[in-house]
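J.: Sharing data_9.txt (compact mmCIF, C-alpha atoms) below.
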```txt
# COMPACT_ATOMS: atom_id res chain seq x y z
CA MET A 255 56.46 -88.39 -99.90
CA LYS A 256 60.03 -89.69 -100.09
CA LEU A 257 61.73 -88.52 -103.27
CA PHE A 258 65.31 -89.76 -103.40
CA GLY A 259 66.33 -93.37 -103.78
CA THR A 260 69.60 -95.17 -104.53
CA ASP A 261 70.35 -93.02 -107.58
CA GLY A 262 68.47 -89.73 -107.50
CA VAL A 263 64.70 -89.49 -107.97
CA ARG A 264 63.06 -92.18 -110.07
CA GLY A 265 59.52 -93.36 -110.78
CA LYS A 266 56.71 -93.62 -113.31
CA ALA A 267 56.59 -90.48 -115.44
CA GLY A 268 53.31 -88.58 -115.18
CA ASP A 269 52.41 -90.43 -111.98
CA PHE A 270 55.02 -90.36 -109.21
CA LEU A 271 57.11 -88.01 -111.33
CA ASP A 272 54.49 -85.58 -112.63
CA ALA A 273 55.01 -82.02 -113.85
CA ILE A 274 54.02 -80.35 -110.58
CA THR A 275 56.35 -82.55 -108.52
CA VAL A 276 59.22 -81.86 -110.92
CA LEU A 277 58.51 -78.11 -110.83
CA LYS A 278 58.68 -78.11 -107.02
CA LEU A 279 61.79 -80.29 -107.03
CA ALA A 280 63.50 -77.91 -109.47
CA LYS A 281 62.71 -74.93 -107.23
CA ALA A 282 64.05 -76.81 -104.19
CA ALA A 283 67.24 -77.76 -106.08
CA GLY A 284 67.68 -74.17 -107.24
CA ILE A 285 67.35 -72.88 -103.68
CA TYR A 286 69.90 -75.46 -102.53
CA PHE A 287 72.44 -74.70 -105.29
CA ARG A 288 72.03 -70.97 -104.64
CA LYS A 289 73.95 -71.40 -101.37
CA PHE A 290 77.11 -72.23 -103.31
CA SER A 291 76.46 -70.21 -106.47
CA THR A 292 79.29 -68.62 -108.41
CA THR A 293 77.94 -68.51 -111.97
CA ASN A 294 74.14 -68.70 -111.62
CA LYS A 295 74.02 -71.41 -114.32
CA ILE A 296 72.64 -74.94 -114.18
CA LEU A 297 73.12 -77.53 -116.93
CA VAL A 298 70.25 -79.85 -117.91
CA GLY A 299 70.56 -82.94 -120.12
CA LYS A 300 68.36 -85.98 -120.75
CA ASP A 301 68.12 -89.39 -122.37
CA THR A 302 65.70 -90.29 -125.18
CA ARG A 303 62.47 -90.99 -123.28
CA ARG A 304 59.31 -89.24 -124.52
CA SER A 305 58.59 -88.01 -120.99
CA GLY A 306 61.90 -86.14 -121.04
CA TYR A 307 60.17 -83.24 -122.80
CA MET A 308 57.66 -82.79 -119.98
CA ILE A 309 60.23 -83.15 -117.22
CA GLU A 310 62.77 -80.89 -118.93
CA ASN A 311 60.23 -78.07 -119.34
CA ALA A 312 59.07 -78.44 -115.74
CA LEU A 313 62.69 -78.31 -114.52
CA VAL A 314 63.40 -75.19 -116.56
CA SER A 315 60.26 -73.50 -115.25
CA GLY A 316 61.14 -74.29 -111.65
CA LEU A 317 64.79 -73.26 -111.93
CA THR A 318 64.10 -70.00 -113.77
CA SER A 319 61.34 -69.15 -111.27
CA VAL A 320 63.95 -68.98 -108.50
CA GLY A 321 66.33 -66.96 -110.66
CA TYR A 322 68.60 -69.54 -112.27
CA ASP A 323 69.81 -69.42 -115.88
CA VAL A 324 69.48 -72.85 -117.50
CA ILE A 325 71.58 -74.42 -120.25
CA GLN A 326 69.80 -77.24 -122.08
CA ILE A 327 71.94 -79.66 -124.11
CA GLY A 328 69.44 -82.34 -125.12
CA PRO A 329 70.14 -86.11 -125.22
CA MET A 330 73.58 -86.89 -123.78
CA PRO A 331 75.00 -89.66 -121.56
CA THR A 332 74.85 -89.17 -117.79
CA PRO A 333 78.67 -89.02 -117.48
CA ALA A 334 78.66 -86.26 -120.12
CA ILE A 335 76.47 -84.15 -117.83
CA ALA A 336 78.94 -84.70 -115.00
CA TYR A 337 81.88 -83.69 -117.21
CA LEU A 338 80.18 -80.69 -118.83
CA THR A 339 78.83 -79.31 -115.55
CA GLU A 340 82.39 -78.78 -114.34
CA SER A 341 83.81 -77.90 -117.76
CA MET A 342 81.20 -75.19 -118.37
CA ARG A 343 81.55 -73.92 -114.79
CA CYS A 344 77.92 -74.39 -113.81
CA ASP A 345 76.70 -74.34 -110.22
CA GLY A 346 75.13 -77.74 -110.77
CA GLY A 347 74.02 -80.27 -113.35
CA ILE A 348 70.82 -82.25 -113.79
CA MET A 349 70.33 -85.43 -115.81
CA ILE A 350 66.84 -86.58 -116.74
CA SER A 351 66.99 -90.36 -116.98
CA ALA A 352 65.80 -93.59 -115.40
CA SER A 353 68.95 -95.33 -116.61
CA HIS A 354 68.14 -98.99 -117.48
CA ASN A 355 64.43 -98.77 -116.57
CA PRO A 356 61.69 -99.07 -119.26
CA PHE A 357 60.53 -95.93 -121.07
CA GLU A 358 57.46 -95.50 -118.82
CA ASP A 359 59.79 -94.52 -115.96
CA ASN A 360 61.99 -91.49 -115.71
CA GLY A 361 64.28 -89.95 -113.15
CA ILE A 362 66.36 -86.96 -112.12
CA LYS A 363 70.01 -87.06 -111.03
CA PHE A 364 71.83 -84.08 -109.55
CA PHE A 365 75.52 -83.13 -109.78
CA ASP A 366 77.46 -80.45 -107.91
CA ASN A 367 79.73 -77.86 -109.54
CA HIS A 368 82.59 -80.39 -109.62
CA GLY A 369 80.47 -82.90 -111.56
CA ASP A 370 80.08 -85.24 -108.60
CA LYS A 371 76.75 -86.82 -107.68
CA LEU A 372 75.19 -85.22 -104.63
CA SER A 373 75.67 -87.08 -101.37
CA SER A 374 72.71 -88.53 -99.47
CA THR A 375 73.04 -85.63 -97.01
CA CYS A 376 72.71 -83.07 -99.81
CA GLU A 377 69.74 -84.94 -101.30
CA ALA A 378 68.07 -84.95 -97.88
CA GLU A 379 68.51 -81.16 -97.71
CA ILE A 380 66.85 -80.70 -101.10
CA GLU A 381 64.02 -82.96 -100.00
CA LYS A 382 63.59 -80.87 -96.85
CA ILE A 383 63.33 -77.70 -98.94
CA PHE A 384 60.85 -79.48 -101.24
CA GLN A 385 58.56 -80.06 -98.24
CA ASN A 386 58.76 -76.40 -97.13
CA ARG A 387 55.90 -74.76 -99.01
CA GLU A 388 56.51 -71.30 -97.51
CA LEU A 389 60.20 -71.28 -98.48
CA LEU A 390 59.42 -72.37 -102.04
CA GLN A 391 57.00 -69.46 -102.36
CA GLU A 392 59.31 -66.93 -100.71
CA GLU A 393 62.19 -67.71 -103.09
CA GLU A 394 60.18 -67.12 -106.27
CA THR A 395 61.55 -64.17 -108.25
CA THR A 396 59.89 -61.43 -110.32
CA GLY A 397 60.82 -58.96 -113.05
CA ARG A 398 64.49 -58.87 -114.03
CA ASP A 399 65.39 -61.50 -111.43
CA ILE A 400 63.59 -64.32 -113.27
CA GLY A 401 66.12 -66.64 -114.92
CA SER A 402 66.65 -67.40 -118.59
CA SER A 403 67.02 -70.56 -120.64
CA LYS A 404 68.97 -71.38 -123.78
CA ARG A 405 69.67 -74.55 -125.73
CA ILE A 406 73.20 -75.40 -126.88
CA ASP A 407 73.61 -78.13 -129.49
CA ASP A 408 77.38 -78.20 -130.04
CA VAL A 409 78.60 -79.53 -126.67
CA ILE A 410 78.58 -83.08 -128.01
CA GLY A 411 82.00 -82.42 -129.52
CA ARG A 412 83.49 -81.48 -126.14
CA TYR A 413 82.48 -84.79 -124.62
CA ILE A 414 83.69 -86.80 -127.62
CA VAL A 415 87.12 -85.16 -127.43
CA SER A 416 87.23 -85.75 -123.67
CA ILE A 417 86.48 -89.48 -123.95
CA LYS A 418 88.83 -90.03 -126.91
CA SER A 419 91.65 -88.47 -124.89
CA THR A 420 91.36 -91.29 -122.32
CA PHE A 421 92.47 -93.85 -124.93
CA PRO A 422 96.29 -94.33 -125.10
CA GLN A 423 97.72 -92.27 -127.96
CA ASP A 424 100.08 -95.05 -129.04
CA LEU A 425 97.16 -97.43 -129.67
CA THR A 426 94.60 -97.59 -132.47
CA LEU A 427 91.39 -99.54 -132.93
CA LYS A 428 92.15 -100.09 -136.60
CA GLY A 429 91.47 -103.72 -137.43
CA ILE A 430 89.21 -104.22 -134.37
CA ARG A 431 85.61 -105.15 -135.17
CA ILE A 432 83.07 -104.12 -132.53
CA VAL A 433 79.34 -104.75 -132.23
CA LEU A 434 77.89 -101.76 -130.37
CA ASP A 435 74.42 -101.68 -128.79
CA CYS A 436 73.32 -98.13 -127.90
CA ALA A 437 70.06 -99.27 -126.22
CA ASN A 438 68.20 -96.60 -128.23
CA GLY A 439 69.41 -94.29 -125.50
CA ALA A 440 71.47 -91.22 -124.74
CA ALA A 441 74.69 -92.43 -126.41
CA TYR A 442 73.16 -93.19 -129.80
CA LYS A 443 75.22 -90.41 -131.41
CA VAL A 444 78.40 -90.17 -129.33
CA ALA A 445 79.24 -93.88 -128.93
CA PRO A 446 79.50 -94.84 -132.63
CA THR A 447 81.33 -91.58 -133.37
CA ILE A 448 84.01 -92.15 -130.71
CA LEU A 449 84.74 -95.74 -131.75
CA ASP A 450 84.71 -94.87 -135.45
CA GLU A 451 87.09 -91.93 -135.00
CA LEU A 452 89.52 -94.19 -133.12
CA GLY A 453 89.62 -96.47 -136.17
CA ALA A 454 87.32 -99.36 -135.23
CA ASP A 455 85.08 -101.27 -137.61
CA VAL A 456 81.80 -100.59 -135.81
CA ILE A 457 78.56 -102.50 -136.30
CA THR A 458 76.01 -100.35 -134.49
CA ILE A 459 72.55 -101.51 -133.43
CA ASN A 460 69.67 -99.93 -131.51
CA ASP A 461 70.71 -96.38 -132.38
CA GLU A 462 67.29 -95.16 -133.58
CA PRO A 463 65.42 -93.88 -130.49
CA ASN A 464 61.75 -92.98 -130.93
CA GLY A 465 60.94 -92.02 -127.35
CA TYR A 466 59.49 -95.41 -126.47
CA ASN A 467 62.13 -98.02 -127.37
CA ILE A 468 64.88 -97.09 -124.91
CA ASN A 469 66.18 -100.29 -123.22
CA GLU A 470 63.44 -102.31 -124.95
CA ASN A 471 64.88 -105.82 -125.41
CA CYS A 472 68.27 -104.27 -126.03
CA GLY A 473 71.32 -102.74 -124.36
CA ALA A 474 73.03 -103.77 -121.15
CA LEU A 475 70.01 -105.65 -119.80
CA HIS A 476 69.56 -107.71 -122.97
CA PRO A 477 73.02 -108.46 -124.41
CA GLU A 478 71.88 -111.62 -126.22
CA GLN A 479 71.42 -109.77 -129.51
CA VAL A 480 74.97 -108.46 -129.34
CA GLY A 481 76.29 -111.93 -128.53
CA ASN A 482 74.62 -113.41 -131.61
CA LEU A 483 75.91 -110.64 -133.87
CA VAL A 484 79.44 -110.92 -132.49
CA LYS A 485 79.50 -114.55 -133.62
CA GLU A 486 77.75 -113.81 -136.93
CA TYR A 487 80.14 -111.01 -137.92
CA ARG A 488 83.17 -112.61 -136.24
CA ALA A 489 83.70 -109.47 -134.20
CA ASP A 490 86.48 -109.11 -131.65
CA ILE A 491 84.18 -107.83 -128.93
CA GLY A 492 80.66 -106.63 -128.18
CA ILE A 493 79.75 -103.53 -126.17
CA ALA A 494 76.27 -103.01 -124.70
CA LEU A 495 75.33 -99.73 -123.01
CA ASP A 496 72.22 -98.88 -121.01
CA GLY A 497 69.80 -96.01 -121.57
CA ASP A 498 71.98 -93.27 -120.12
CA ALA A 499 75.32 -94.94 -120.98
CA ASP A 500 76.73 -94.95 -117.45
CA ARG A 501 76.84 -98.75 -117.53
CA LEU A 502 78.81 -101.23 -119.63
CA VAL A 503 78.32 -104.90 -120.42
CA VAL A 504 81.07 -106.60 -122.43
CA ILE A 505 80.57 -109.62 -124.69
CA ASP A 506 83.64 -111.64 -125.73
CA GLU A 507 84.40 -112.91 -129.25
CA LYS A 508 82.60 -116.18 -128.47
CA GLY A 509 79.36 -114.32 -127.76
CA ASN A 510 79.54 -114.81 -123.99
CA VAL A 511 78.77 -112.03 -121.51
CA VAL A 512 81.75 -111.14 -119.31
CA HIS A 513 80.76 -111.13 -115.63
CA GLY A 514 81.11 -107.70 -114.03
CA ASP A 515 83.36 -108.91 -111.22
CA LYS A 516 85.73 -110.55 -113.71
CA LEU A 517 85.82 -107.30 -115.67
CA LEU A 518 86.72 -105.35 -112.51
CA GLY A 519 89.48 -107.82 -111.65
CA ALA A 520 91.03 -107.79 -115.12
CA LEU A 521 90.94 -103.99 -115.30
CA ALA A 522 92.37 -103.51 -111.79
CA LEU A 523 95.33 -105.75 -112.65
CA PHE A 524 95.81 -103.93 -115.97
CA LEU A 525 95.89 -100.55 -114.21
CA LYS A 526 98.43 -101.89 -111.72
CA GLU A 527 100.66 -103.17 -114.52
CA GLU A 528 100.39 -99.76 -116.23
CA ASN A 529 101.42 -98.12 -112.92
CA ILE A 530 98.30 -95.97 -112.79
CA LEU A 531 96.32 -97.75 -110.06
CA LYS A 532 96.28 -95.61 -106.92
CA GLY A 533 96.04 -96.97 -103.40
CA GLU A 534 96.93 -100.54 -104.44
CA ALA A 535 93.22 -101.30 -104.21
CA CYS A 536 89.89 -101.43 -106.00
CA VAL A 537 86.44 -100.53 -104.63
CA SER A 538 83.33 -102.59 -105.31
CA THR A 539 80.08 -103.20 -103.46
CA VAL A 540 78.93 -105.73 -100.91
CA MET A 541 77.40 -107.65 -103.84
CA SER A 542 80.74 -108.53 -105.46
CA ASN A 543 81.86 -112.14 -105.43
CA LYS A 544 84.48 -113.17 -102.85
CA ALA A 545 86.47 -114.66 -105.74
CA LEU A 546 87.21 -111.10 -106.92
CA GLU A 547 88.64 -110.26 -103.50
CA ASP A 548 90.79 -113.39 -103.45
CA PHE A 549 92.03 -112.73 -107.01
CA LEU A 550 93.07 -109.18 -106.12
CA ASN A 551 94.73 -110.36 -102.92
CA SER A 552 96.76 -112.88 -104.93
CA HIS A 553 98.18 -109.91 -106.86
CA GLU A 554 98.84 -107.90 -103.68
CA LEU A 555 95.80 -105.69 -104.20
CA LYS A 556 92.97 -105.01 -101.77
CA LEU A 557 89.23 -104.95 -102.33
CA LEU A 558 87.26 -102.37 -100.36
CA ARG A 559 83.48 -102.74 -100.28
CA SER A 560 80.78 -100.08 -100.26
CA ASP A 561 76.98 -100.02 -100.17
CA VAL A 562 75.17 -100.71 -103.44
CA GLY A 563 75.20 -97.75 -105.85
CA ASP A 564 77.99 -96.13 -107.85
CA LYS A 565 77.62 -93.01 -105.70
CA HIS A 566 78.71 -95.02 -102.66
CA VAL A 567 81.54 -96.64 -104.62
CA LEU A 568 82.88 -93.20 -105.51
CA GLU A 569 82.60 -91.98 -101.91
CA GLN A 570 84.69 -94.96 -100.76
CA MET A 571 87.22 -94.29 -103.53
CA LYS A 572 87.63 -90.65 -102.51
CA LYS A 573 87.88 -91.53 -98.84
CA ASN A 574 90.75 -93.97 -99.49
CA GLY A 575 92.57 -92.24 -102.34
CA ILE A 576 91.65 -94.93 -104.88
CA ASN A 577 91.06 -94.14 -108.57
CA PHE A 578 89.28 -97.31 -109.72
CA GLY A 579 86.12 -99.07 -108.67
CA GLY A 580 82.69 -100.20 -109.78
CA GLU A 581 79.74 -102.52 -109.47
CA GLN A 582 79.31 -105.98 -110.95
CA SER A 583 76.26 -104.58 -112.79
CA GLY A 584 78.57 -102.61 -115.09
CA HIS A 585 78.95 -99.22 -113.44
CA ILE A 586 82.73 -98.78 -113.64
CA ILE A 587 84.52 -95.66 -112.41
CA PHE A 588 87.93 -94.47 -113.54
CA SER A 589 88.02 -91.32 -111.42
CA ASP A 590 91.07 -89.92 -113.22
CA VAL A 591 89.01 -89.59 -116.40
CA ALA A 592 85.33 -89.58 -115.37
CA LYS A 593 83.24 -88.21 -112.52
CA THR A 594 80.86 -91.15 -112.43
CA GLY A 595 80.33 -94.52 -114.08
CA ASP A 596 81.00 -94.02 -117.79
CA GLY A 597 80.23 -96.88 -120.18
CA LEU A 598 82.26 -95.41 -123.03
CA ALA A 599 85.35 -94.53 -120.99
CA SER A 600 85.23 -98.01 -119.49
CA ALA A 601 84.88 -99.62 -122.92
CA LEU A 602 88.00 -97.83 -124.14
CA GLN A 603 89.98 -99.13 -121.15
CA VAL A 604 88.80 -102.68 -121.91
CA LEU A 605 89.91 -102.26 -125.53
CA ALA A 606 93.28 -100.87 -124.41
CA LEU A 607 93.71 -103.92 -122.15
CA MET A 608 93.01 -106.25 -125.08
CA LEU A 609 95.44 -104.46 -127.36
CA ARG A 610 98.22 -104.27 -124.75
CA SER A 611 97.86 -107.97 -123.88
CA LYS A 612 97.52 -109.06 -127.53
CA LYS A 613 95.00 -111.61 -126.32
CA LYS A 614 91.38 -112.28 -127.19
CA ALA A 615 88.61 -110.95 -124.96
CA SER A 616 87.67 -114.45 -123.76
CA GLU A 617 91.23 -114.97 -122.48
CA ILE A 618 92.11 -111.64 -120.91
CA LEU A 619 88.66 -110.94 -119.41
CA ASN A 620 88.31 -114.30 -117.70
CA PRO A 621 91.03 -114.09 -115.03
CA PHE A 622 89.36 -116.24 -112.33
CA ASP A 623 86.39 -118.49 -111.59
CA LEU A 624 83.50 -117.15 -109.53
CA TYR A 625 82.37 -118.84 -106.33
CA PRO A 626 78.81 -120.22 -106.25
CA GLN A 627 76.44 -117.46 -105.17
CA ILE A 628 72.69 -117.66 -104.48
CA LEU A 629 70.37 -114.65 -104.19
CA VAL A 630 66.80 -115.16 -102.97
CA ASN A 631 64.08 -112.54 -102.43
CA VAL A 632 61.51 -113.31 -99.74
CA LYS A 633 58.29 -111.34 -99.23
CA VAL A 634 57.82 -110.02 -95.69
CA THR A 635 54.94 -108.44 -93.81
CA GLU A 636 57.22 -106.21 -91.71
CA LYS A 637 60.78 -104.91 -91.99
CA LYS A 638 61.98 -105.76 -88.52
CA PRO A 639 65.56 -104.55 -87.78
CA LEU A 640 67.91 -107.45 -88.51
CA ASP A 641 69.57 -107.24 -85.10
CA GLN A 642 66.15 -107.77 -83.50
CA ILE A 643 65.43 -111.04 -85.29
CA GLU A 644 66.09 -113.61 -82.59
CA GLY A 645 68.44 -116.39 -83.65
CA LEU A 646 69.50 -114.83 -86.97
CA GLU A 647 73.04 -113.91 -85.95
CA GLU A 648 73.65 -117.35 -84.48
CA LEU A 649 72.46 -118.99 -87.71
CA LEU A 650 74.67 -116.75 -89.86
CA ASN A 651 77.69 -117.45 -87.63
CA SER A 652 77.19 -121.16 -88.23
CA PHE A 653 77.34 -120.46 -91.99
CA ARG A 654 80.44 -118.28 -91.63
CA GLN A 655 82.26 -121.06 -89.83
CA LYS A 656 81.78 -123.13 -93.02
CA GLY A 657 83.37 -120.34 -95.11
CA ILE A 658 80.08 -118.95 -96.40
CA ARG A 659 79.72 -115.19 -96.90
CA ASP A 660 76.31 -113.65 -96.23
CA LEU A 661 74.55 -110.42 -97.15
CA ILE A 662 71.04 -109.71 -95.91
CA ARG A 663 69.19 -106.47 -96.57
CA TYR A 664 65.67 -105.19 -97.09
CA SER A 665 64.51 -103.83 -100.44
CA GLY A 666 64.23 -100.05 -100.41
CA THR A 667 61.06 -100.04 -102.52
CA GLU A 668 59.30 -103.37 -101.90
CA ASN A 669 58.24 -105.48 -98.90
CA LYS A 670 61.02 -107.96 -99.53
CA ILE A 671 64.18 -109.10 -97.84
CA ARG A 672 67.14 -110.00 -100.06
CA LEU A 673 69.21 -113.01 -98.99
CA LEU A 674 72.63 -113.66 -100.48
CA LEU A 675 74.92 -116.57 -99.62
CA GLU A 676 78.22 -117.39 -101.27
CA GLY A 677 80.95 -119.97 -100.81
CA LYS A 678 83.32 -122.34 -102.58
CA ASP A 679 81.15 -125.43 -101.94
CA LYS A 680 77.98 -125.15 -104.06
CA LYS A 681 76.09 -127.91 -102.22
CA GLU A 682 76.86 -126.34 -98.85
CA VAL A 683 75.66 -122.94 -100.10
CA GLU A 684 72.42 -124.44 -101.41
CA LYS A 685 71.81 -126.32 -98.15
CA SER A 686 72.47 -123.20 -96.09
CA MET A 687 70.15 -121.08 -98.25
CA LYS A 688 67.26 -123.51 -97.74
CA GLU A 689 67.85 -123.31 -94.02
CA LEU A 690 68.05 -119.49 -94.06
CA GLU A 691 64.98 -119.07 -96.25
CA LYS A 692 62.92 -121.34 -93.96
CA PHE A 693 64.13 -119.39 -90.91
CA ILE A 694 63.27 -115.98 -92.45
CA LYS A 695 59.77 -117.07 -93.51
CA LYS A 696 59.13 -118.33 -89.99
CA SER A 697 60.54 -115.19 -88.31
CA LEU A 698 59.00 -112.51 -90.58
```
Could you quickly redo this structure as structure tokens?
T.:
Amino acid sequence: MKLFGTDGVRGKAGDFLDAITVLKLAKAAGIYFRKFSTTNKILVGKDTRRSGYMIENALVSGLTSVGYDVIQIGPMPTPAIAYLTESMRCDGGIMISASHNPFEDNGIKFFDNHGDKLSSTCEAEIEKIFQNRELLQEEETTGRDIGSSKRIDDVIGRYIVSIKSTFPQDLTLKGIRIVLDCANGAAYKVAPTILDELGADVITINDEPNGYNINENCGALHPEQVGNLVKEYRADIGIALDGDADRLVVIDEKGNVVHGDKLLGALALFLKEENILKGEACVSTVMSNKALEDFLNSHELKLLRSDVGDKHVLEQMKKNGINFGGEQSGHIIFSDVAKTGDGLASALQVLALMLRSKKKASEILNPFDLYPQILVNVKVTEKKPLDQIEGLEELLNSFRQKGIRDLIRYSGTENKIRLLLEGKDKKEVEKSMKELEKFIKKSL
């Protein structure tokens, strides 16, 4: 059984992610973290899903069975777990969340003692330990060596202070009206508090989680409600978070959703103008629109691309000494202030940009036009290596000669191949996609 995917372990709670599997995974993680242990403490947080109770208790049982002391902090955003793991000097941190997925799903994300997400290599090592039944049994402790567990409820203040400190001290949100959608998720307490304490007039919605309504027709995946309320209340901006608040979707004062690539471009230029952008570059994924790259180049900035997933964005940032990057989906990383994508930290930077520019969101967050882009998913019977599909490279080269960018990859969870074509000429992109789709269906 393969456990780890793009962002930790994720699946249907009680089925793929049942109590026994989580117990074994916790033991495997504890054995892995033990190699680097300095404090014998592991931090555990969660979002607001009902299944979080089951998974949290299974994690605690597994970790304490191999001798770890566990600190439980309850519902908190994923980036808060990253921050607090380092701040509280734990050997590792664990977040129980399936991010933007429906409540039926849940997931587990791991962080090292620096608050960074574990690399794919580290995840593979935990998975290897998970499969080693003898090792799992050998590492179980008895008597005084069994770990302990305690719940701490006051760490919320530490995270609030940390995020507020990222907002420029010479600015205030007084007079700014914000519609905030908490997605009935992990930020339902911290998000309104932070914006309110900075002086904003906050209209908060979807801040009453009941265990089942996380992400349900709300939050980052469904920003329409925010858009309507922004217009109704004549707000300056709308902010929509996802279930674990590591993702941000911005809605301008006209009620329109700001495209993620435009947001990245506007923020990168802002950081450059504030002289805090390192490496004269921004990192995004292979999914980002070529128009973002051209916009950055026009301002003497580079765009480096990574694989899909904020973990890969951060790896590319570290490798190249860059402090800003993200995904068009809304995972935005300011590595000087956050260890991973942080919806609230990103929102404060967007608000700082608006205040510094003295312009409306629709003006400052719309710095360029996107190139036409088409994404098609095609069902396949086999996932044949792309370099073994006869004639594919020749076909793609013919597209590239017309100025069309291509991205072709298989789904990691489904029998599908994802086809993406992009170019300045919409008709040419559409024509090329029909040709590519016909070729793929014939070849696979």
J.: Of the candidates A:Ala592, A:Ile274, A:Val263, A:Leu550, which one gets nearest to Ile335 of chain A if we count all atoms listed in the file?
T.: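 The shortest atom-to-atom distance to Ile335 of chain A comes from A:Ala592.
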J.: Quick one: contact table of segment 272-337 of chain A to segment 377-399 of chain A, 8 Å max, nearest atom pair and distance in Å to one decimal per residue, counting all atoms listed in the file, chain and number order, as JSON lines?
T.:
```
{"residue": "A:Lys278", "atom": "CA", "partner": "A:Phe384", "partner_atom": "CA", "distance": 6.3}
{"residue": "A:Leu279", "atom": "CA", "partner": "A:Phe384", "partner_atom": "CA", "distance": 5.9}
{"residue": "A:Lys281", "atom": "CA", "partner": "A:Leu390", "partner_atom": "CA", "distance": 6.7}
{"residue": "A:Ala282", "atom": "CA", "partner": "A:Phe384", "partner_atom": "CA", "distance": 5.1}
{"residue": "A:Ala283", "atom": "CA", "partner": "A:Ile380", "partner_atom": "CA", "distance": 5.8}
{"residue": "A:Ile285", "atom": "CA", "partner": "A:Glu393", "partner_atom": "CA", "distance": 7.3}
{"residue": "A:Tyr286", "atom": "CA", "partner": "A:Ile380", "partner_atom": "CA", "distance": 6.2}
{"residue": "A:Ser319", "atom": "CA", "partner": "A:Glu394", "partner_atom": "CA", "distance": 5.5}
{"residue": "A:Val320", "atom": "CA", "partner": "A:Glu394", "partner_atom": "CA", "distance": 4.8}
{"residue": "A:Gly321", "atom": "CA", "partner": "A:Asp399", "partner_atom": "CA", "distance": 5.6}
```
J.: How many Å separate atom CA of Gly563 of chain A from atom CA of Leu449 of chain A?
T.: 27.7 Å
J.: Segment 602-697 of chain A near segment 493-497 of chain A within 12 Å: what's each residue's closest atom pair and its distance in Å to one decimal, counting all atoms listed in the file, ordered by chain then ascending residue number, as JSON lines?
T.:
```
{"residue": "A:Leu602", "atom": "CA", "partner": "A:Ile493", "partner_atom": "CA", "distance": 10.2}
{"residue": "A:Val604", "atom": "CA", "partner": "A:Ile493", "partner_atom": "CA", "distance": 10.0}
{"residue": "A:Leu605", "atom": "CA", "partner": "A:Ile493", "partner_atom": "CA", "distance": 10.3}
{"residue": "A:Ala615", "atom": "CA", "partner": "A:Ile493", "partner_atom": "CA", "distance": 11.6}
```
J.: Just to be explicit: take each residue in the selection above, keep C-alpha atoms, and write the result as a tab-separated table (two decimals), in the frame of the given file.
T.:
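Generated file (out-v3.tsv):
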```
chain	number	residue	atom	x	y	z
A	602	LEU	CA	88.00	-97.83	-124.14
A	604	VAL	CA	88.80	-102.68	-121.91
A	605	LEU	CA	89.91	-102.26	-125.53
A	615	ALA	CA	88.61	-110.95	-124.96
```
J.: Considering all atoms listed in the file, can you say which of A:Ile362, A:Leu673, A:Thr339, A:Met349 comes closest to Arg264 of chain A?
T.: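 Of A:Ile362, A:Leu673, A:Thr339, A:Met349, the one nearest Arg264 of chain A is A:Ile362, counting all atoms listed in the file.
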J.: Compile the contact shell of segment 459-470 of chain A as a list in words: residues with an atom at most 8 Å away, counting all atoms listed in the file, same-chain residues fewer than 5 positions apart removed.
T.: Thr302, Arg303, Arg304, Ser305, His354, Asn355, Pro356, Phe357, Glu358, Val433, Leu434, Asp435, Cys436, Ala437, Asn438, Gly439, Tyr442, Lys443, Leu475, Asp496 and Gly497 of chain A
J.: Using only C-alpha atoms, which of the listed residues (A:Pro422, A:Val276, A:Ser542, A:Asn631) sits closest to Arg659 of chain A?
T.: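 With only C-alpha atoms as the atom set, the closest residue is A:Ser542.
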J.: Can you list every residue of segment 452-546 of chain A that has an atom at most 12 Å from segment 675-696 of chain A, with its nearest atom pair and the distance in Å to one decimal, using only C-alpha atoms, ordered by chain then number, as a Markdown table?
T.:
```
| residue | atom | partner | partner_atom | distance |
| --- | --- | --- | --- | --- |
| A:Val540 | CA | A:Leu675 | CA | 11.6 |
| A:Met541 | CA | A:Glu676 | CA | 10.1 |
| A:Ser542 | CA | A:Glu676 | CA | 10.1 |
| A:Asn543 | CA | A:Glu676 | CA | 7.6 |
| A:Lys544 | CA | A:Glu676 | CA | 7.7 |
| A:Ala545 | CA | A:Lys678 | CA | 8.9 |
```
J.: Which residue out of A:Asp370, A:Gly473, A:Glu451, A:Glu644 has the minimum interatomic distance to Ile587 of chain A when all atoms listed in the file are used?
T.: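 The shortest atom-to-atom distance to Ile587 of chain A comes from A:Asp370.
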J.: Any idea what's packed within 9 Å of Asp561 of chain A, counting all atoms listed in the file, ignoring anything in its chain fewer than 2 positions away? Could you give it as JSON, numbers by chain?
T.: {"A": [538, 539, 540, 541, 559, 563, 564, 565, 566, 567]}
J.: Taking only C-alpha atoms into account, name the residue in A:Ser353, A:Ile662, A:Gly284, A:Gly533 that is nearest to Ala474 of chain A.
T.: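 Selected residue with least distance to Ala474 of chain A: A:Ser353.
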J.: So what do you get for atom CA of Pro626 of chain A versus atom CA of Lys516 of chain A, distance-wise?
T.: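 If I compute the distance from atom CA of Pro626 of chain A to atom CA of Lys516 of chain A, I get 14.0 Å.
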J.: Which one is closest to Ile417 of chain A: A:Lys485, A:Lys573, A:Lys593, A:Arg288? Count only C-alpha atoms.
T.: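 Comparing A:Lys485, A:Lys573, A:Lys593, A:Arg288 against Ile417 of chain A, the winner is A:Lys593.
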J.: Find the residues near Ser315 of chain A: any atom within 10 Å, counting all atoms listed in the file, skip ones fewer than 3 places away on the same chain, and give them as a list of chain:residue names.
T.: A:Val276, A:Leu277, A:Lys278, A:Ala280, A:Lys281, A:Ile309, A:Glu310, A:Asn311, A:Ala312, A:Thr318, A:Ser319, A:Val320, A:Tyr322, A:Val324, A:Ile400, A:Gly401, A:Ser402, A:Ser403
